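work39.pdb follows (PDB, N, CA and C atoms):
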MODEL        1
ATOM      1  N   MET A  21      19.907  39.912  76.450
ATOM      2  CA  MET A  21      19.834  40.603  75.180
ATOM      3  C   MET A  21      18.394  40.551  74.678
ATOM      4  N   ASP A  22      17.926  41.646  74.122
ATOM      5  CA  ASP A  22      16.575  41.726  73.569
ATOM      6  C   ASP A  22      16.449  40.788  72.378
ATOM      7  N   PRO A  23      15.440  39.880  72.361
ATOM      8  CA  PRO A  23      15.301  38.926  71.256
ATOM      9  C   PRO A  23      15.098  39.603  69.915
ATOM     10  N   LEU A  24      14.554  40.798  69.918
ATOM     11  CA  LEU A  24      14.358  41.527  68.667
ATOM     12  C   LEU A  24      15.694  41.832  68.003
ATOM     13  N   PHE A  25      16.678  42.184  68.806
ATOM     14  CA  PHE A  25      17.979  42.518  68.255
ATOM     15  C   PHE A  25      18.777  41.294  67.845
ATOM     16  N   SER A  26      18.520  40.159  68.439
ATOM     17  CA  SER A  26      19.267  38.963  68.083
ATOM     18  C   SER A  26      18.927  38.479  66.674
ATOM     19  N   GLN A  27      17.807  38.929  66.120
ATOM     20  CA  GLN A  27      17.400  38.518  64.788
ATOM     21  C   GLN A  27      17.680  39.599  63.744
ATOM     22  N   THR A  28      18.268  40.687  64.145
ATOM     23  CA  THR A  28      18.544  41.784  63.235
ATOM     24  C   THR A  28      19.644  41.400  62.266
ATOM     25  N   VAL A  29      19.418  41.660  60.997
ATOM     26  CA  VAL A  29      20.408  41.388  59.966
ATOM     27  C   VAL A  29      21.351  42.581  59.896
ATOM     28  N   VAL A  30      22.645  42.302  59.936
ATOM     29  CA  VAL A  30      23.628  43.361  59.821
ATOM     30  C   VAL A  30      23.900  43.570  58.342
ATOM     31  N   ARG A  31      23.679  44.767  57.872
ATOM     32  CA  ARG A  31      23.835  45.059  56.455
ATOM     33  C   ARG A  31      24.570  46.384  56.313
ATOM     34  N   PRO A  32      25.413  46.495  55.308
ATOM     35  CA  PRO A  32      26.059  47.779  55.086
ATOM     36  C   PRO A  32      24.991  48.858  54.951
ATOM     37  N   PRO A  33      25.211  49.999  55.579
ATOM     38  CA  PRO A  33      24.153  51.002  55.665
ATOM     39  C   PRO A  33      23.677  51.542  54.319
ATOM     40  N   ASP A  34      24.474  51.442  53.311
ATOM     41  CA  ASP A  34      24.052  52.070  52.068
ATOM     42  C   ASP A  34      23.527  51.093  51.018
ATOM     43  N   THR A  35      23.443  49.814  51.306
ATOM     44  CA  THR A  35      22.946  48.860  50.316
ATOM     45  C   THR A  35      21.544  49.230  49.862
ATOM     46  N   LEU A  36      20.653  49.450  50.805
ATOM     47  CA  LEU A  36      19.278  49.788  50.462
ATOM     48  C   LEU A  36      19.207  51.123  49.728
ATOM     49  N   ASP A  37      19.996  52.093  50.152
ATOM     50  CA  ASP A  37      20.006  53.386  49.463
ATOM     51  C   ASP A  37      20.460  53.227  48.012
ATOM     52  N   ARG A  38      21.466  52.409  47.794
ATOM     53  CA  ARG A  38      21.966  52.199  46.428
ATOM     54  C   ARG A  38      20.945  51.449  45.576
ATOM     55  N   ILE A  39      20.219  50.509  46.177
ATOM     56  CA  ILE A  39      19.167  49.805  45.447
ATOM     57  C   ILE A  39      18.077  50.800  45.044
ATOM     58  N   ARG A  40      17.682  51.648  45.973
ATOM     59  CA  ARG A  40      16.649  52.657  45.680
ATOM     60  C   ARG A  40      17.089  53.576  44.534
ATOM     61  N   ARG A  41      18.329  54.043  44.600
ATOM     62  CA  ARG A  41      18.829  54.932  43.537
ATOM     63  C   ARG A  41      18.863  54.221  42.191
ATOM     64  N   ALA A  42      19.271  52.946  42.192
ATOM     65  CA  ALA A  42      19.310  52.179  40.942
ATOM     66  C   ALA A  42      17.906  52.020  40.366
ATOM     67  N   LEU A  43      16.943  51.772  41.228
ATOM     68  CA  LEU A  43      15.558  51.626  40.774
ATOM     69  C   LEU A  43      15.052  52.918  40.156
ATOM     70  N   ILE A  44      15.206  54.001  40.869
ATOM     71  CA  ILE A  44      14.711  55.298  40.391
ATOM     72  C   ILE A  44      15.421  55.700  39.106
ATOM     73  N   GLY A  45      16.734  55.482  39.040
ATOM     74  CA  GLY A  45      17.493  55.854  37.856
ATOM     75  C   GLY A  45      17.224  54.976  36.648
ATOM     76  N   SER A  46      17.074  53.677  36.859
ATOM     77  CA  SER A  46      16.911  52.775  35.717
ATOM     78  C   SER A  46      15.493  52.777  35.170
ATOM     79  N   LEU A  47      14.525  52.973  36.030
ATOM     80  CA  LEU A  47      13.131  52.921  35.582
ATOM     81  C   LEU A  47      12.502  54.297  35.460
ATOM     82  N   HIS A  48      13.250  55.328  35.841
ATOM     83  CA  HIS A  48      12.784  56.716  35.731
ATOM     84  C   HIS A  48      11.415  56.898  36.375
ATOM     85  N   VAL A  49      11.263  56.336  37.571
ATOM     86  CA  VAL A  49      10.007  56.459  38.292
ATOM     87  C   VAL A  49       9.969  57.775  39.049
ATOM     88  N   ASN A  50       8.787  58.288  39.227
ATOM     89  CA  ASN A  50       8.608  59.557  39.902
ATOM     90  C   ASN A  50       8.376  59.324  41.395
ATOM     91  N   LEU A  51       9.396  58.792  42.052
ATOM     92  CA  LEU A  51       9.368  58.526  43.482
ATOM     93  C   LEU A  51      10.659  59.038  44.092
ATOM     94  N   SER A  52      10.599  59.345  45.365
ATOM     95  CA  SER A  52      11.836  59.674  46.067
ATOM     96  C   SER A  52      12.324  58.414  46.770
ATOM     97  N   GLU A  53      13.558  58.435  47.204
ATOM     98  CA  GLU A  53      14.097  57.280  47.934
ATOM     99  C   GLU A  53      13.296  57.025  49.204
ATOM    100  N   GLU A  54      12.777  58.077  49.810
ATOM    101  CA  GLU A  54      11.999  57.935  51.035
ATOM    102  C   GLU A  54      10.662  57.235  50.782
ATOM    103  N   ASP A  55      10.164  57.289  49.542
ATOM    104  CA  ASP A  55       8.908  56.605  49.206
ATOM    105  C   ASP A  55       9.066  55.091  49.166
ATOM    106  N   LEU A  56      10.291  54.622  49.138
ATOM    107  CA  LEU A  56      10.571  53.189  49.013
ATOM    108  C   LEU A  56      11.085  52.656  50.346
ATOM    109  N   ALA A  57      10.162  52.337  51.226
ATOM    110  CA  ALA A  57      10.515  51.805  52.541
ATOM    111  C   ALA A  57      11.104  50.406  52.400
ATOM    112  N   TYR A  58      11.789  49.961  53.445
ATOM    113  CA  TYR A  58      12.431  48.646  53.452
ATOM    114  C   TYR A  58      11.429  47.527  53.191
ATOM    115  N   GLU A  59      10.203  47.711  53.625
ATOM    116  CA  GLU A  59       9.177  46.684  53.486
ATOM    117  C   GLU A  59       8.424  46.774  52.160
ATOM    118  N   THR A  60       8.782  47.721  51.311
ATOM    119  CA  THR A  60       8.072  47.958  50.058
ATOM    120  C   THR A  60       8.145  46.759  49.128
ATOM    121  N   LYS A  61       7.023  46.450  48.510
ATOM    122  CA  LYS A  61       6.954  45.452  47.443
ATOM    123  C   LYS A  61       6.913  46.240  46.132
ATOM    124  N   LEU A  62       7.965  46.139  45.360
ATOM    125  CA  LEU A  62       8.129  47.002  44.196
ATOM    126  C   LEU A  62       7.061  46.816  43.128
ATOM    127  N   ASP A  63       6.565  45.607  42.962
ATOM    128  CA  ASP A  63       5.539  45.424  41.938
ATOM    129  C   ASP A  63       4.244  46.136  42.308
ATOM    130  N   GLU A  64       4.013  46.350  43.599
ATOM    131  CA  GLU A  64       2.832  47.088  44.039
ATOM    132  C   GLU A  64       3.047  48.595  43.944
ATOM    133  N   THR A  65       4.273  49.040  44.139
ATOM    134  CA  THR A  65       4.585  50.463  44.161
ATOM    135  C   THR A  65       4.929  51.003  42.784
ATOM    136  N   VAL A  66       5.694  50.242  42.024
ATOM    137  CA  VAL A  66       6.218  50.712  40.749
ATOM    138  C   VAL A  66       5.570  50.013  39.555
ATOM    139  N   GLY A  67       4.947  48.888  39.766
ATOM    140  CA  GLY A  67       4.348  48.160  38.658
ATOM    141  C   GLY A  67       5.386  47.487  37.782
ATOM    142  N   LEU A  68       6.254  46.692  38.384
ATOM    143  CA  LEU A  68       7.304  46.004  37.642
ATOM    144  C   LEU A  68       6.723  44.997  36.656
ATOM    145  N   ASP A  69       7.213  45.046  35.420
ATOM    146  CA  ASP A  69       6.913  43.995  34.456
ATOM    147  C   ASP A  69       8.234  43.342  34.084
ATOM    148  N   SER A  70       8.216  42.385  33.171
ATOM    149  CA  SER A  70       9.444  41.629  32.873
ATOM    150  C   SER A  70      10.546  42.516  32.303
ATOM    151  N   VAL A  71      10.202  43.487  31.485
ATOM    152  CA  VAL A  71      11.209  44.392  30.921
ATOM    153  C   VAL A  71      11.791  45.275  32.022
ATOM    154  N   ALA A  72      10.935  45.790  32.883
ATOM    155  CA  ALA A  72      11.394  46.638  33.986
ATOM    156  C   ALA A  72      12.310  45.861  34.927
ATOM    157  N   VAL A  73      11.983  44.605  35.180
ATOM    158  CA  VAL A  73      12.820  43.771  36.043
ATOM    159  C   VAL A  73      14.214  43.640  35.443
ATOM    160  N   LEU A  74      14.290  43.368  34.149
ATOM    161  CA  LEU A  74      15.601  43.224  33.493
ATOM    162  C   LEU A  74      16.396  44.523  33.532
ATOM    163  N   GLU A  75      15.745  45.647  33.296
ATOM    164  CA  GLU A  75      16.435  46.940  33.358
ATOM    165  C   GLU A  75      16.936  47.226  34.773
ATOM    166  N   PHE A  76      16.103  46.941  35.742
ATOM    167  CA  PHE A  76      16.464  47.156  37.142
ATOM    168  C   PHE A  76      17.627  46.255  37.558
ATOM    169  N   VAL A  77      17.563  44.984  37.193
ATOM    170  CA  VAL A  77      18.641  44.048  37.531
ATOM    171  C   VAL A  77      19.946  44.472  36.864
ATOM    172  N   ALA A  78      19.884  44.896  35.614
ATOM    173  CA  ALA A  78      21.093  45.369  34.925
ATOM    174  C   ALA A  78      21.685  46.568  35.659
ATOM    175  N   ALA A  79      20.840  47.476  36.126
ATOM    176  CA  ALA A  79      21.320  48.640  36.876
ATOM    177  C   ALA A  79      21.948  48.211  38.202
ATOM    178  N   LEU A  80      21.346  47.217  38.867
ATOM    179  CA  LEU A  80      21.911  46.713  40.127
ATOM    180  C   LEU A  80      23.256  46.037  39.896
ATOM    181  N   GLU A  81      23.349  45.247  38.838
ATOM    182  CA  GLU A  81      24.615  44.568  38.541
ATOM    183  C   GLU A  81      25.714  45.586  38.276
ATOM    184  N   GLN A  82      25.371  46.643  37.576
ATOM    185  CA  GLN A  82      26.367  47.686  37.301
ATOM    186  C   GLN A  82      26.717  48.454  38.577
ATOM    187  N   GLU A  83      25.728  48.803  39.357
ATOM    188  CA  GLU A  83      25.946  49.568  40.589
ATOM    189  C   GLU A  83      26.830  48.821  41.584
ATOM    190  N   PHE A  84      26.586  47.529  41.749
ATOM    191  CA  PHE A  84      27.286  46.750  42.763
ATOM    192  C   PHE A  84      28.437  45.915  42.207
ATOM    193  N   GLY A  85      28.578  45.824  40.886
ATOM    194  CA  GLY A  85      29.639  45.013  40.302
ATOM    195  C   GLY A  85      29.410  43.530  40.541
ATOM    196  N   ILE A  86      28.161  43.109  40.461
ATOM    197  CA  ILE A  86      27.786  41.722  40.729
ATOM    198  C   ILE A  86      27.057  41.145  39.519
ATOM    199  N   THR A  87      26.833  39.843  39.549
ATOM    200  CA  THR A  87      26.024  39.176  38.538
ATOM    201  C   THR A  87      24.991  38.324  39.261
ATOM    202  N   PHE A  88      23.739  38.544  38.931
ATOM    203  CA  PHE A  88      22.664  37.762  39.527
ATOM    204  C   PHE A  88      22.690  36.345  38.966
ATOM    205  N   ALA A  89      22.494  35.378  39.824
ATOM    206  CA  ALA A  89      22.330  33.993  39.371
ATOM    207  C   ALA A  89      21.010  33.914  38.611
ATOM    208  N   PRO A  90      20.974  33.187  37.498
ATOM    209  CA  PRO A  90      19.741  33.111  36.702
ATOM    210  C   PRO A  90      18.510  32.720  37.510
ATOM    211  N   GLU A  91      18.671  31.826  38.472
ATOM    212  CA  GLU A  91      17.519  31.400  39.267
ATOM    213  C   GLU A  91      17.002  32.493  40.206
ATOM    214  N   MET A  92      17.771  33.560  40.371
ATOM    215  CA  MET A  92      17.345  34.663  41.227
ATOM    216  C   MET A  92      16.655  35.779  40.438
ATOM    217  N   LEU A  93      16.578  35.622  39.144
ATOM    218  CA  LEU A  93      15.923  36.628  38.307
ATOM    219  C   LEU A  93      14.424  36.372  38.255
ATOM    220  N   THR A  94      13.814  36.456  39.417
ATOM    221  CA  THR A  94      12.375  36.244  39.513
ATOM    222  C   THR A  94      11.735  37.466  40.143
ATOM    223  N   ILE A  95      10.474  37.651  39.852
ATOM    224  CA  ILE A  95       9.754  38.778  40.431
ATOM    225  C   ILE A  95       9.689  38.652  41.950
ATOM    226  N   GLU A  96       9.669  37.424  42.472
ATOM    227  CA  GLU A  96       9.596  37.230  43.921
ATOM    228  C   GLU A  96      10.826  37.792  44.629
ATOM    229  N   VAL A  97      11.983  37.674  44.022
ATOM    230  CA  VAL A  97      13.213  38.212  44.615
ATOM    231  C   VAL A  97      13.307  39.716  44.378
ATOM    232  N   VAL A  98      13.090  40.128  43.162
ATOM    233  CA  VAL A  98      13.316  41.528  42.792
ATOM    234  C   VAL A  98      12.262  42.454  43.391
ATOM    235  N   ARG A  99      11.076  41.986  43.634
ATOM    236  CA  ARG A  99      10.001  42.843  44.126
ATOM    237  C   ARG A  99      10.153  43.208  45.593
ATOM    238  N   ASP A 100      10.894  42.426  46.347
ATOM    239  CA  ASP A 100      10.980  42.555  47.803
ATOM    240  C   ASP A 100      12.305  43.221  48.175
ATOM    241  N   LEU A 101      12.247  44.484  48.592
ATOM    242  CA  LEU A 101      13.483  45.229  48.877
ATOM    243  C   LEU A 101      14.344  44.554  49.939
ATOM    244  N   SER A 102      13.740  44.034  50.987
ATOM    245  CA  SER A 102      14.548  43.418  52.043
ATOM    246  C   SER A 102      15.214  42.141  51.544
ATOM    247  N   ARG A 103      14.502  41.332  50.791
ATOM    248  CA  ARG A 103      15.092  40.101  50.237
ATOM    249  C   ARG A 103      16.177  40.431  49.214
ATOM    250  N   LEU A 104      15.925  41.429  48.411
ATOM    251  CA  LEU A 104      16.889  41.859  47.407
ATOM    252  C   LEU A 104      18.166  42.375  48.062
ATOM    253  N   ALA A 105      18.020  43.192  49.097
ATOM    254  CA  ALA A 105      19.194  43.715  49.810
ATOM    255  C   ALA A 105      19.996  42.581  50.442
ATOM    256  N   SER A 106      19.304  41.609  51.016
ATOM    257  CA  SER A 106      19.998  40.464  51.621
ATOM    258  C   SER A 106      20.751  39.657  50.564
ATOM    259  N   TYR A 107      20.122  39.453  49.417
ATOM    260  CA  TYR A 107      20.775  38.697  48.340
ATOM    261  C   TYR A 107      22.018  39.438  47.850
ATOM    262  N   ILE A 108      21.917  40.734  47.649
ATOM    263  CA  ILE A 108      23.070  41.516  47.190
ATOM    264  C   ILE A 108      24.186  41.488  48.229
ATOM    265  N   ASP A 109      23.838  41.669  49.487
ATOM    266  CA  ASP A 109      24.851  41.616  50.543
ATOM    267  C   ASP A 109      25.535  40.253  50.578
ATOM    268  N   GLU A 110      24.763  39.188  50.362
ATOM    269  CA  GLU A 110      25.337  37.842  50.332
ATOM    270  C   GLU A 110      26.309  37.698  49.163
ATOM    271  N   LEU A 111      25.918  38.203  47.991
ATOM    272  CA  LEU A 111      26.823  38.149  46.835
ATOM    273  C   LEU A 111      28.107  38.930  47.094
ATOM    274  N   LEU A 112      27.958  40.097  47.672
ATOM    275  CA  LEU A 112      29.129  40.925  47.964
ATOM    276  C   LEU A 112      30.047  40.243  48.970
ATOM    277  N   ALA A 113      29.474  39.616  49.972
ATOM    278  CA  ALA A 113      30.272  38.939  50.991
ATOM    279  C   ALA A 113      30.992  37.726  50.410
ATOM    280  N   ARG A 114      30.278  36.961  49.572
ATOM    281  CA  ARG A 114      30.881  35.757  48.996
ATOM    282  C   ARG A 114      32.001  36.075  48.024
ATOM    283  N   SER A 115      31.819  37.153  47.267
ATOM    284  CA  SER A 115      32.836  37.474  46.251
ATOM    285  C   SER A 115      33.857  38.463  46.772
ATOM    286  N   ASP A 116      33.646  38.930  48.015
ATOM    287  CA  ASP A 116      34.568  39.866  48.649
ATOM    288  C   ASP A 116      34.725  41.131  47.819
ATOM    289  N   ILE A 117      33.659  41.556  47.154
ATOM    290  CA  ILE A 117      33.675  42.799  46.383
ATOM    291  C   ILE A 117      33.485  43.958  47.333
ATOM    292  N   ARG A 118      34.235  44.986  47.129
ATOM    293  CA  ARG A 118      34.089  46.187  47.947
ATOM    294  C   ARG A 118      33.506  47.290  47.071
ATOM    295  N   GLU A 119      32.669  48.104  47.676
ATOM    296  CA  GLU A 119      32.069  49.200  46.933
ATOM    297  C   GLU A 119      33.149  50.187  46.503
ATOM    298  N   PRO A 120      32.861  50.884  45.380
ATOM    299  CA  PRO A 120      33.848  51.858  44.880
ATOM    300  C   PRO A 120      34.071  53.005  45.819
TER     301      PRO A 120
ENDMDL
END

With the file now loaded, output its structure as structure tokens.
Amino acid sequence: MDPLFSQTVVRPPDTLDRIRRALIGSLHVNLSEEDLAYETKLDETVGLDSVAVLEFVAALEQEFGITFAPEMLTIEVVRDLSRLASYIDELLARSDIREP
């Protein structure tokens, strides 16, 4: 087996798409979903500040039906799309929430 594939994270295909839509919708940024690559750091692309982070997190909680743990409400987590997607997938798996 190719070692590259053994480290691949299995994620529902639409988690990242839903995160992108929540970001664009909650912050009203003039970007397309394609402008937000998996490796994107949101504070560099969108200029996240503390108010924007709270609005974005609220939109994510509503979109996914989850609640962020207070210790995860940091710019380090929210700015990194891949880390954010992994955290959301972990919450969904632990709580057995299914998308609408």

Selection under test: the PyMOL selection byres ((chain A and resi 95) around 8); residues as a PyMOL selection string: chain A and resi 63+68-69+73+92-94+96-100

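Going from atom CA of A:Leu47 over to atom C of A:Leu74, you cover 9.2 Å.
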
Shell around A:Thr35 at 8 Å using all atoms listed in the file, local window under 5 positions removed, as a list of chain:residue names: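 Everything that qualifies: A:Arg40, A:Arg41, A:Leu104, A:Ala105, A:Ile108, A:Asp109.
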
Export, as a short mmCIF file (atom, residue, chain, number, x, y, z; two decimals), in the frame of the given file, the selected residues with N, CA and C atoms.
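Listed below is the output, result.cif:
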data_model
loop_
_atom_site.label_atom_id
_atom_site.label_comp_id
_atom_site.auth_asym_id
_atom_site.auth_seq_id
_atom_site.Cartn_x
_atom_site.Cartn_y
_atom_site.Cartn_z
N ARG A 40 17.68 51.65 45.97
CA ARG A 40 16.65 52.66 45.68
C ARG A 40 17.09 53.58 44.53
N ARG A 41 18.33 54.04 44.60
CA ARG A 41 18.83 54.93 43.54
C ARG A 41 18.86 54.22 42.19
N LEU A 104 15.92 41.43 48.41
CA LEU A 104 16.89 41.86 47.41
C LEU A 104 18.17 42.38 48.06
N ALA A 105 18.02 43.19 49.10
CA ALA A 105 19.19 43.72 49.81
C ALA A 105 20.00 42.58 50.44
N ILE A 108 21.92 40.73 47.65
CA ILE A 108 23.07 41.52 47.19
C ILE A 108 24.19 41.49 48.23
N ASP A 109 23.84 41.67 49.49
CA ASP A 109 24.85 41.62 50.54
C ASP A 109 25.54 40.25 50.58
#

Picked from stretch 36-89 of chain A by DSSP as helix (DSSP H, G or I), as a PyMOL selection string: chain A and resi 36-47+53-55+62-65+70-84

Interatomic distance (Å, one decimal) between atom N of A:Glu64 and atom N of A:Ser46: 16.4 Å

Output the residue selection produced by the PyMOL selection byres (((chain A and resi 111 and name CA) around 12) and name CA) on the file above, formatted as a short mmCIF file (atom, residue, chain, number, x, y, z; two decimals) with N, CA and C atoms, in the coordinates of the input.
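result13.cif, written as the output of this step:
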data_model
loop_
_atom_site.label_atom_id
_atom_site.label_comp_id
_atom_site.auth_asym_id
_atom_site.auth_seq_id
_atom_site.Cartn_x
_atom_site.Cartn_y
_atom_site.Cartn_z
N THR A 35 23.44 49.81 51.31
CA THR A 35 22.95 48.86 50.32
C THR A 35 21.54 49.23 49.86
N LEU A 80 21.35 47.22 38.87
CA LEU A 80 21.91 46.71 40.13
C LEU A 80 23.26 46.04 39.90
N GLU A 81 23.35 45.25 38.84
CA GLU A 81 24.62 44.57 38.54
C GLU A 81 25.71 45.59 38.28
N PHE A 84 26.59 47.53 41.75
CA PHE A 84 27.29 46.75 42.76
C PHE A 84 28.44 45.92 42.21
N GLY A 85 28.58 45.82 40.89
CA GLY A 85 29.64 45.01 40.30
C GLY A 85 29.41 43.53 40.54
N ILE A 86 28.16 43.11 40.46
CA ILE A 86 27.79 41.72 40.73
C ILE A 86 27.06 41.14 39.52
N THR A 87 26.83 39.84 39.55
CA THR A 87 26.02 39.18 38.54
C THR A 87 24.99 38.32 39.26
N PHE A 88 23.74 38.54 38.93
CA PHE A 88 22.66 37.76 39.53
C PHE A 88 22.69 36.34 38.97
N ALA A 89 22.49 35.38 39.82
CA ALA A 89 22.33 33.99 39.37
C ALA A 89 21.01 33.91 38.61
N MET A 92 17.77 33.56 40.37
CA MET A 92 17.34 34.66 41.23
C MET A 92 16.66 35.78 40.44
N LEU A 104 15.92 41.43 48.41
CA LEU A 104 16.89 41.86 47.41
C LEU A 104 18.17 42.38 48.06
N ALA A 105 18.02 43.19 49.10
CA ALA A 105 19.19 43.72 49.81
C ALA A 105 20.00 42.58 50.44
N SER A 106 19.30 41.61 51.02
CA SER A 106 20.00 40.46 51.62
C SER A 106 20.75 39.66 50.56
N TYR A 107 20.12 39.45 49.42
CA TYR A 107 20.78 38.70 48.34
C TYR A 107 22.02 39.44 47.85
N ILE A 108 21.92 40.73 47.65
CA ILE A 108 23.07 41.52 47.19
C ILE A 108 24.19 41.49 48.23
N ASP A 109 23.84 41.67 49.49
CA ASP A 109 24.85 41.62 50.54
C ASP A 109 25.54 40.25 50.58
N GLU A 110 24.76 39.19 50.36
CA GLU A 110 25.34 37.84 50.33
C GLU A 110 26.31 37.70 49.16
N LEU A 112 27.96 40.10 47.67
CA LEU A 112 29.13 40.92 47.96
C LEU A 112 30.05 40.24 48.97
N ALA A 113 29.47 39.62 49.97
CA ALA A 113 30.27 38.94 50.99
C ALA A 113 30.99 37.73 50.41
N ARG A 114 30.28 36.96 49.57
CA ARG A 114 30.88 35.76 49.00
C ARG A 114 32.00 36.08 48.02
N SER A 115 31.82 37.15 47.27
CA SER A 115 32.84 37.47 46.25
C SER A 115 33.86 38.46 46.77
N ASP A 116 33.65 38.93 48.02
CA ASP A 116 34.57 39.87 48.65
C ASP A 116 34.72 41.13 47.82
N ILE A 117 33.66 41.56 47.15
CA ILE A 117 33.67 42.80 46.38
C ILE A 117 33.48 43.96 47.33
N ARG A 118 34.24 44.99 47.13
CA ARG A 118 34.09 46.19 47.95
C ARG A 118 33.51 47.29 47.07
#

Computed interatomic separation between atom N of A:Ile39 and atom N of A:Glu91 (Å):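 Taking atom N of A:Ile39 and atom N of A:Glu91, their separation equals 20.3 Å.
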
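When only C-alpha atoms are used to measure the gap to A:Leu43, the shortest distance among A:Val77, A:Gly67, A:Pro90, A:Lys61 belongs to A:Val77.
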
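The closest residue to A:Leu101, picked from A:Leu62, A:Ile44, A:Ala79, A:Val71 and counting only N, CA and C atoms, is A:Leu62.
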